[in-house]
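For reference, upload.cif (mmCIF, C-alpha atoms):
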data_entry
#
loop_
_atom_site.label_atom_id
_atom_site.label_comp_id
_atom_site.auth_asym_id
_atom_site.auth_seq_id
_atom_site.Cartn_x
_atom_site.Cartn_y
_atom_site.Cartn_z
CA MET G 2 96.72 94.58 121.80
CA PHE G 3 96.50 98.32 121.27
CA LEU G 4 94.52 100.03 124.01
CA LYS G 5 91.18 101.13 122.57
CA SER G 6 89.10 104.00 123.88
CA HIS G 7 85.77 102.73 122.46
CA GLU G 8 84.88 106.38 121.81
CA PRO G 9 82.89 106.96 118.60
CA MET G 10 84.84 108.31 115.65
CA SER G 11 84.56 112.05 115.14
CA GLU G 12 85.45 111.98 111.43
CA PRO G 13 83.30 114.20 109.20
CA ALA G 14 80.93 112.52 106.76
CA LEU G 15 82.72 111.13 103.74
CA GLU G 16 81.74 112.12 100.22
CA SER G 17 80.57 109.14 98.21
CA VAL G 18 79.26 108.19 94.78
CA ASP G 19 76.55 105.63 93.98
CA ILE G 20 77.48 103.35 91.08
CA LEU G 21 74.78 100.83 90.16
CA SER G 22 73.35 100.95 93.69
CA VAL G 23 76.70 100.41 95.41
CA ARG G 24 78.22 103.21 97.48
CA ILE G 25 81.92 104.02 97.07
CA HIS G 26 83.68 106.66 99.15
CA CYS G 27 85.66 109.32 97.28
CA VAL G 28 88.88 108.83 99.23
CA THR G 29 92.57 108.96 98.37
CA MET G 30 95.17 106.58 99.74
CA HIS G 31 96.41 109.26 102.15
CA ARG G 32 92.88 109.78 103.49
CA THR G 33 92.29 106.04 103.74
CA LEU G 34 95.42 105.48 105.83
CA ALA G 35 94.41 108.28 108.19
CA LEU G 36 90.89 106.83 108.52
CA LEU G 37 92.22 103.35 109.27
CA GLU G 38 94.40 104.68 112.06
CA SER G 39 91.44 106.61 113.49
CA MET G 40 89.29 103.48 113.36
CA VAL G 41 91.85 101.43 115.28
CA ARG G 42 92.22 104.13 117.91
CA ALA G 43 88.44 104.50 118.21
CA GLY G 44 87.93 100.80 118.88
CA GLY G 45 84.64 99.07 118.22
CA SER G 46 84.19 97.08 115.01
CA HIS G 47 84.79 98.54 111.54
CA HIS G 48 84.47 96.84 108.16
CA VAL G 49 86.43 98.13 105.16
CA VAL G 50 85.70 96.93 101.61
CA THR G 51 87.76 97.47 98.45
CA VAL G 52 85.18 97.85 95.68
CA ASN G 53 86.00 97.13 92.03
CA PRO G 54 83.71 96.69 88.98
CA GLU G 55 83.51 92.92 89.52
CA PHE G 56 82.14 93.53 93.02
CA ILE G 57 79.47 95.82 91.66
CA MET G 58 78.36 93.44 88.93
CA LEU G 59 78.23 90.56 91.41
CA ALA G 60 76.26 92.72 93.85
CA ARG G 61 73.59 93.32 91.18
CA ASN G 62 72.62 89.65 91.43
CA LEU G 63 73.51 88.96 95.07
CA GLU G 64 71.46 91.17 97.35
CA THR G 65 73.22 89.96 100.51
CA PHE G 66 76.58 90.99 99.08
CA ARG G 67 75.23 94.39 98.03
CA ALA G 68 73.88 94.97 101.53
CA VAL G 69 77.26 94.11 103.06
CA LEU G 70 79.09 96.50 100.72
CA ASN G 71 76.66 99.33 101.44
CA GLY G 72 76.81 98.63 105.16
CA ALA G 73 80.61 98.84 105.34
CA ASP G 74 82.17 101.65 107.34
CA LEU G 75 84.53 102.47 104.47
CA ALA G 76 84.27 101.46 100.80
CA VAL G 77 87.41 102.39 98.88
CA PRO G 78 87.70 102.62 95.06
CA ASP G 79 89.74 99.59 93.96
CA GLY G 80 89.95 99.55 90.19
CA VAL G 81 90.39 102.01 87.34
CA GLY G 82 86.86 101.09 86.23
CA ILE G 83 85.50 102.68 89.40
CA LEU G 84 87.32 105.93 88.64
CA LEU G 85 86.03 105.95 85.06
CA GLY G 86 82.51 105.03 86.16
CA ALA G 87 82.44 107.88 88.67
CA ARG G 88 83.69 110.30 86.02
CA LEU G 89 80.97 109.16 83.62
CA LEU G 90 78.44 109.97 86.33
CA GLY G 91 79.88 113.46 86.74
CA ARG G 92 81.85 112.71 89.91
CA ARG G 93 85.59 112.61 90.53
CA ILE G 94 87.58 110.03 92.47
CA ARG G 95 91.23 111.00 92.39
CA GLU G 96 92.97 107.62 92.63
CA ARG G 97 92.65 103.88 93.12
CA VAL G 98 92.96 102.50 96.63
CA THR G 99 93.76 98.80 96.32
CA GLY G 100 93.93 96.18 99.04
CA VAL G 101 97.60 95.35 98.47
CA ASP G 102 98.58 99.04 98.49
CA ILE G 103 96.66 99.59 101.73
CA ILE G 104 98.60 96.75 103.36
CA GLU G 105 102.00 97.85 102.14
CA GLN G 106 101.48 101.51 103.01
CA PHE G 107 99.67 101.04 106.32
CA MET G 108 102.07 98.52 107.87
CA PRO G 109 104.76 101.15 108.67
CA ARG G 110 102.08 103.14 110.54
CA ALA G 111 100.96 100.00 112.32
CA ALA G 112 104.53 99.24 113.37
CA ALA G 113 105.09 102.76 114.66
CA ALA G 114 101.79 102.78 116.58
CA GLY G 115 102.16 99.26 118.00
CA PHE G 116 99.04 97.92 116.27
CA ARG G 117 98.71 94.15 116.09
CA VAL G 118 97.86 92.58 112.70
CA TYR G 119 96.37 89.17 111.86
CA LEU G 120 96.58 87.60 108.37
CA LEU G 121 93.74 85.19 107.55
CA GLY G 122 93.26 83.26 104.33
CA ALA G 123 95.11 82.52 101.06
CA GLY G 124 96.72 79.15 100.32
CA PRO G 125 98.66 77.06 102.84
CA GLY G 126 101.82 78.88 103.93
CA VAL G 127 101.11 82.02 101.90
CA ALA G 128 100.02 84.19 104.84
CA GLU G 129 103.19 83.17 106.71
CA ARG G 130 105.38 84.15 103.75
CA ALA G 131 103.52 87.46 103.37
CA ALA G 132 103.97 88.12 107.11
CA ALA G 133 107.73 87.60 106.81
CA VAL G 134 107.90 90.08 103.91
CA LEU G 135 105.88 92.67 105.83
CA ARG G 136 108.05 92.29 108.95
CA ARG G 137 111.20 92.87 106.90
CA ALA G 138 109.68 95.94 105.26
CA SER G 139 108.40 97.41 108.55
CA PRO G 140 110.76 96.51 111.43
CA GLY G 141 108.89 96.23 114.69
CA LEU G 142 105.60 95.26 113.03
CA CYS G 143 103.62 92.91 115.26
CA ILE G 144 102.00 90.10 113.27
CA ALA G 145 99.71 88.66 115.94
CA GLY G 146 98.98 85.54 113.92
CA THR G 147 98.46 83.90 110.55
CA TYR G 148 96.08 81.15 109.48
CA ALA G 149 94.81 79.91 106.12
CA GLY G 150 91.52 78.43 107.29
CA SER G 151 88.41 78.57 105.15
CA PRO G 152 85.29 80.75 104.82
CA ASP G 153 83.15 77.67 105.42
CA PRO G 154 80.69 78.43 108.25
CA SER G 155 81.67 75.16 109.94
CA GLU G 156 85.11 76.64 110.71
CA GLU G 157 83.92 80.00 112.01
CA GLU G 158 83.91 79.14 115.71
CA ASP G 159 87.47 77.84 115.62
CA ILE G 160 88.76 80.75 113.53
CA CYS G 161 87.07 83.36 115.72
CA ARG G 162 88.65 81.75 118.79
CA ARG G 163 92.10 81.80 117.16
CA ILE G 164 91.76 85.46 116.24
CA ASN G 165 90.43 86.58 119.62
CA ASP G 166 93.19 84.66 121.40
CA ALA G 167 95.76 86.55 119.28
CA LYS G 168 94.22 89.94 120.23
CA PRO G 169 94.79 91.77 116.92
CA ASP G 170 93.74 95.34 116.18
CA ILE G 171 93.57 94.77 112.41
CA LEU G 172 92.33 91.67 110.59
CA LEU G 173 93.22 91.15 106.91
CA VAL G 174 91.04 88.51 105.25
CA ALA G 175 92.12 86.97 101.93
CA TYR G 176 89.31 84.59 100.98
CA GLY G 177 88.36 86.33 97.74
CA SER G 178 85.03 88.00 97.04
CA PRO G 179 82.28 87.71 97.99
CA ASN G 180 83.38 85.10 100.56
CA GLN G 181 85.67 87.40 102.52
CA GLU G 182 83.13 90.22 102.81
CA LEU G 183 80.32 87.88 103.79
CA TRP G 184 82.60 86.14 106.32
CA ILE G 185 83.54 89.45 107.95
CA ALA G 186 79.89 90.54 108.07
CA ARG G 187 78.89 87.28 109.76
CA THR G 188 81.67 87.28 112.34
CA ARG G 189 82.62 90.91 113.02
CA HIS G 190 80.53 91.21 116.17
CA ARG G 191 82.05 88.01 117.58
CA LEU G 192 85.58 89.31 117.02
CA ASN G 193 87.42 91.75 119.27
CA VAL G 194 89.00 93.48 116.28
CA ALA G 195 88.81 97.19 115.52
CA VAL G 196 89.24 96.96 111.73
CA SER G 197 88.58 94.07 109.34
CA ILE G 198 89.49 94.37 105.65
CA GLY G 199 88.89 91.95 102.78
CA VAL G 200 92.08 91.97 100.71
CA GLY G 201 91.52 89.36 97.98
CA GLY G 202 94.77 88.12 96.44
CA SER G 203 96.99 90.61 98.27
CA PHE G 204 98.89 87.97 100.27
CA ASP G 205 99.82 86.22 97.00
CA PHE G 206 101.29 89.47 95.65
CA ILE G 207 103.17 90.30 98.84
CA ALA G 208 104.53 86.77 99.22
CA GLY G 209 105.64 86.70 95.57
CA VAL G 210 103.37 83.79 94.67
CA VAL G 211 101.80 85.97 91.95
CA GLN G 212 103.71 88.79 90.26
CA ARG G 213 102.08 92.19 90.29
CA ALA G 214 102.02 94.43 87.22
CA PRO G 215 104.93 96.88 86.87
CA ALA G 216 104.37 100.27 88.49
CA TRP G 217 104.06 102.03 85.11
CA MET G 218 101.22 99.71 84.06
CA ARG G 219 99.44 100.28 87.37
CA GLY G 220 99.92 104.01 86.92
CA VAL G 221 98.14 104.08 83.55
CA GLY G 222 95.35 101.73 84.61
CA LEU G 223 96.54 98.59 82.82
CA GLU G 224 97.02 96.28 85.78
CA TRP G 225 93.93 94.32 84.68
CA PHE G 226 95.59 93.67 81.28
CA TYR G 227 98.81 92.45 82.91
CA ARG G 228 96.87 90.07 85.15
CA LEU G 229 94.93 88.75 82.16
CA MET G 230 98.18 88.07 80.27
CA ASP G 231 99.70 86.42 83.34
CA GLN G 232 96.54 84.47 84.20
CA PRO G 233 94.56 83.85 80.98
CA GLN G 234 92.01 81.83 82.94
CA ARG G 235 90.72 85.15 84.29
CA TRP G 236 89.12 86.01 80.93
CA ARG G 237 85.64 84.99 82.11
CA ARG G 238 85.91 87.37 85.07
CA MET G 239 87.02 90.15 82.72
CA LEU G 240 83.71 89.89 80.87
CA ALA G 241 82.20 91.82 83.78
CA LEU G 242 84.08 94.96 82.69
CA PRO G 243 82.22 95.73 79.41
CA HIS G 244 78.94 94.88 81.12
CA PHE G 245 79.85 97.26 83.92
CA ALA G 246 80.64 100.06 81.44
CA ALA G 247 77.34 99.52 79.63
CA ARG G 248 75.32 99.55 82.87
CA VAL G 249 77.00 102.73 84.12
CA THR G 250 76.27 104.39 80.77
CA VAL G 251 72.59 103.47 81.20
CA GLN G 252 72.70 104.90 84.74
CA ARG G 253 74.20 108.11 83.37
CA LEU G 254 71.55 108.41 80.65
CA GLY G 255 68.82 107.74 83.18
CA GLY G 256 70.13 110.54 85.36
CA VAL G 257 70.20 112.94 82.41
CA ARG G 258 66.60 112.07 81.49
CA ALA G 259 65.49 112.49 85.11
CA ARG G 260 67.08 115.94 85.32
CA ARG G 261 65.47 116.94 82.03
CA GLY G 262 62.11 115.69 83.28
CA ASP G 263 62.48 117.70 86.48
CA SER G 264 63.38 120.76 84.45
CA LEU G 265 60.42 120.35 82.12
CA GLY G 266 58.14 119.66 85.06
CA GLY G 267 59.31 122.85 86.72
CA ILE G 268 58.67 124.82 83.55
CA GLY G 269 55.20 123.29 83.24
CA SER G 270 54.40 124.12 86.84
CA ARG G 271 55.51 127.71 86.45
CA ALA G 272 53.57 128.04 83.19
CA GLY G 273 50.47 126.62 84.83
CA ALA G 274 50.83 129.04 87.70
CA ASN G 275 50.84 131.94 85.24
CA LEU G 276 47.65 130.88 83.46
#
Kindly transcribe the structure held in the file into structure tokens.
Amino acid sequence: MFLKSHEPMSEPALESVDILSVRIHCVTMHRTLALLESMVRAGGSHHVVTVNPEFIMLARNLETFRAVLNGADLAVPDGVGILLGARLLGRRIRERVTGVDIIEQFMPRAAAAGFRVYLLGAGPGVAERAAAVLRRASPGLCIAGTYAGSPDPSEEEDICRRINDAKPDILLVAYGSPNQELWIARTRHRLNVAVSIGVGGSFDFIAGVVQRAPAWMRGVGLEWFYRLMDQPQRWRRMLALPHFAARVTVQRLGGVRARRGDSLGGIGSRAGANL
């Protein structure tokens, strides 16, 4: 296990945007990778969430999930809808930071630094296949362990023991949302792990169980369309996207009205002072 200093992180405060009462940090992939390395070296317990529009719509009706997202140490913008929502609110997030891209781009750093990585979740055998792919891509990478398991609370004690015995620095949890985020929030202080990240279906992509959209489609923000064509059963989940856009538009209009009200109130106050 990488030697941890347990010193608090000295990173400056991160800029963030509030979208429908969920905080998202305005970070790039480059910044995210640097932050993850700092978190591992700092020790302690850090929770990283990859927020997309589906998360936000689910969080509107699940207060516990919303609290976990807002309590995370780092909330990265996963989804073109987050970028567009931020822009509609007058803020700029430069790029998507997805769970699968974090894994693929951070593993070479982990290998070079000697960080130990544990893969938890996905279907039987998938984490093992993903681990083999990651080892080939990043020679020297230490996969401390893999286990499918379940987010069921009845399995938590056994899973926590397995993870602590493996002594990882980084835990990647692929139970899908909100299960993976809630599982990390429940167990993080029982685990001797510096960084825990919920990564959704990332193991399936890495292992080749599910094909990812071509790079050009990801580049123009059409990965959601590719996944819908490849997995038509996702159409119900996609209904969250127009609802998300409508809600963000209402948030934008509410902000405009509030600013106008403040402006008019200021004018009224100054006028009253001159009477």
Would you write out, as a count of residues only, every residue that the PyMOL selection byres ((chain G and resi 129) around 12) captures in this file?
-> 28
Selection near Asn193 (chain G), 9 Å with all atoms listed in the file, sequence-local residues under 2 positions removed, as JSON, numbers by chain:
{"G": [45, 46, 164, 165, 168, 169, 170, 189, 190, 191, 195]}
task = Identify which of the residues G:Glu182, G:Arg93, G:Ile160, G:Ala111 lies closest to Gly72 (chain G), counting only C-alpha atoms when measuring atom-to-atom distances.
result =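 Once distances to Gly72 (chain G) are computed over only C-alpha atoms, the minimum belongs to G:Glu182.
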One residue among G:Val98, G:Leu63, G:Leu173, G:Leu89 is nearest to Thr51 (chain G) when using only C-alpha atoms, and that residue is G:Val98
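Environment of (81.7, 108.9, 82.0): residues at most 9 Å away, judged by all atoms listed in the file, are G:Leu85, G:Gly86, G:Ala87, G:Arg88, G:Leu89, G:Leu90, G:Gly91, G:Arg92, G:Ala246, G:Val249, G:Thr250, G:Arg253.
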What does the structure give for the distance between CA of Phe206 (chain G) and CA of Asp102 (chain G), in Å to one decimal?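 Going from CA of Phe206 (chain G) over to CA of Asp102 (chain G) covers 10.3 Å.
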Q. What is the CA of Val194 (chain G) to CA of Asn53 (chain G) distance in Å?
A.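 The value is 24.7 Å.
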Of G:Leu15, G:Ile198, G:Ala138, G:Ala175, the one sitting nearest Ser151 (chain G) when using all atoms listed in the file is G:Ala175
task: Given the file shown, enumerate the residues that the PyMOL selection byres ((chain G and resi 76-78) around 10) captures and present them as a ChimeraX atom specification.
output: /G:17,23-30,33,48-54,70-75,79-84,87,94-100
Restore N, CA and C atoms in region 18-31 of chain G and list the result as a PDB file, in the frame of the given file.
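The new file part_20.pdb reads:
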ATOM      1  N   VAL G  18      79.959 108.232  96.056  1.00  0.00           N
ATOM      2  CA  VAL G  18      79.260 108.190  94.780  1.00  0.00           C
ATOM      3  C   VAL G  18      78.536 106.840  94.704  1.00  0.00           C
ATOM      4  N   ASP G  19      77.329 106.847  94.156  1.00  0.00           N
ATOM      5  CA  ASP G  19      76.550 105.630  93.980  1.00  0.00           C
ATOM      6  C   ASP G  19      76.723 105.137  92.554  1.00  0.00           C
ATOM      7  N   ILE G  20      77.316 103.950  92.404  1.00  0.00           N
ATOM      8  CA  ILE G  20      77.480 103.350  91.080  1.00  0.00           C
ATOM      9  C   ILE G  20      76.697 102.041  91.062  1.00  0.00           C
ATOM     10  N   LEU G  21      75.633 102.015  90.295  1.00  0.00           N
ATOM     11  CA  LEU G  21      74.780 100.830  90.160  1.00  0.00           C
ATOM     12  C   LEU G  21      74.333 100.308  91.528  1.00  0.00           C
ATOM     13  N   SER G  22      73.903 101.249  92.368  1.00  0.00           N
ATOM     14  CA  SER G  22      73.350 100.950  93.690  1.00  0.00           C
ATOM     15  C   SER G  22      74.376 100.467  94.705  1.00  0.00           C
ATOM     16  N   VAL G  23      75.646 100.706  94.437  1.00  0.00           N
ATOM     17  CA  VAL G  23      76.700 100.410  95.410  1.00  0.00           C
ATOM     18  C   VAL G  23      77.423 101.708  95.734  1.00  0.00           C
ATOM     19  N   ARG G  24      77.571 101.984  97.024  1.00  0.00           N
ATOM     20  CA  ARG G  24      78.220 103.210  97.480  1.00  0.00           C
ATOM     21  C   ARG G  24      79.731 103.028  97.546  1.00  0.00           C
ATOM     22  N   ILE G  25      80.461 104.002  96.981  1.00  0.00           N
ATOM     23  CA  ILE G  25      81.920 104.020  97.070  1.00  0.00           C
ATOM     24  C   ILE G  25      82.335 105.380  97.605  1.00  0.00           C
ATOM     25  N   HIS G  26      83.203 105.394  98.581  1.00  0.00           N
ATOM     26  CA  HIS G  26      83.680 106.660  99.150  1.00  0.00           C
ATOM     27  C   HIS G  26      84.763 107.272  98.262  1.00  0.00           C
ATOM     28  N   CYS G  27      84.706 108.588  98.126  1.00  0.00           N
ATOM     29  CA  CYS G  27      85.660 109.320  97.280  1.00  0.00           C
ATOM     30  C   CYS G  27      86.899 109.660  98.107  1.00  0.00           C
ATOM     31  N   VAL G  28      87.709 108.653  98.375  1.00  0.00           N
ATOM     32  CA  VAL G  28      88.880 108.830  99.230  1.00  0.00           C
ATOM     33  C   VAL G  28      90.160 108.573  98.457  1.00  0.00           C
ATOM     34  N   THR G  29      91.233 109.228  98.885  1.00  0.00           N
ATOM     35  CA  THR G  29      92.570 108.960  98.370  1.00  0.00           C
ATOM     36  C   THR G  29      93.248 107.945  99.282  1.00  0.00           C
ATOM     37  N   MET G  30      94.422 107.483  98.878  1.00  0.00           N
ATOM     38  CA  MET G  30      95.170 106.580  99.740  1.00  0.00           C
ATOM     39  C   MET G  30      95.561 107.273 101.041  1.00  0.00           C
ATOM     40  N   HIS G  31      96.013 108.517 100.945  1.00  0.00           N
ATOM     41  CA  HIS G  31      96.410 109.260 102.150  1.00  0.00           C
ATOM     42  C   HIS G  31      95.248 109.360 103.137  1.00  0.00           C
TER      43      HIS G  31
END
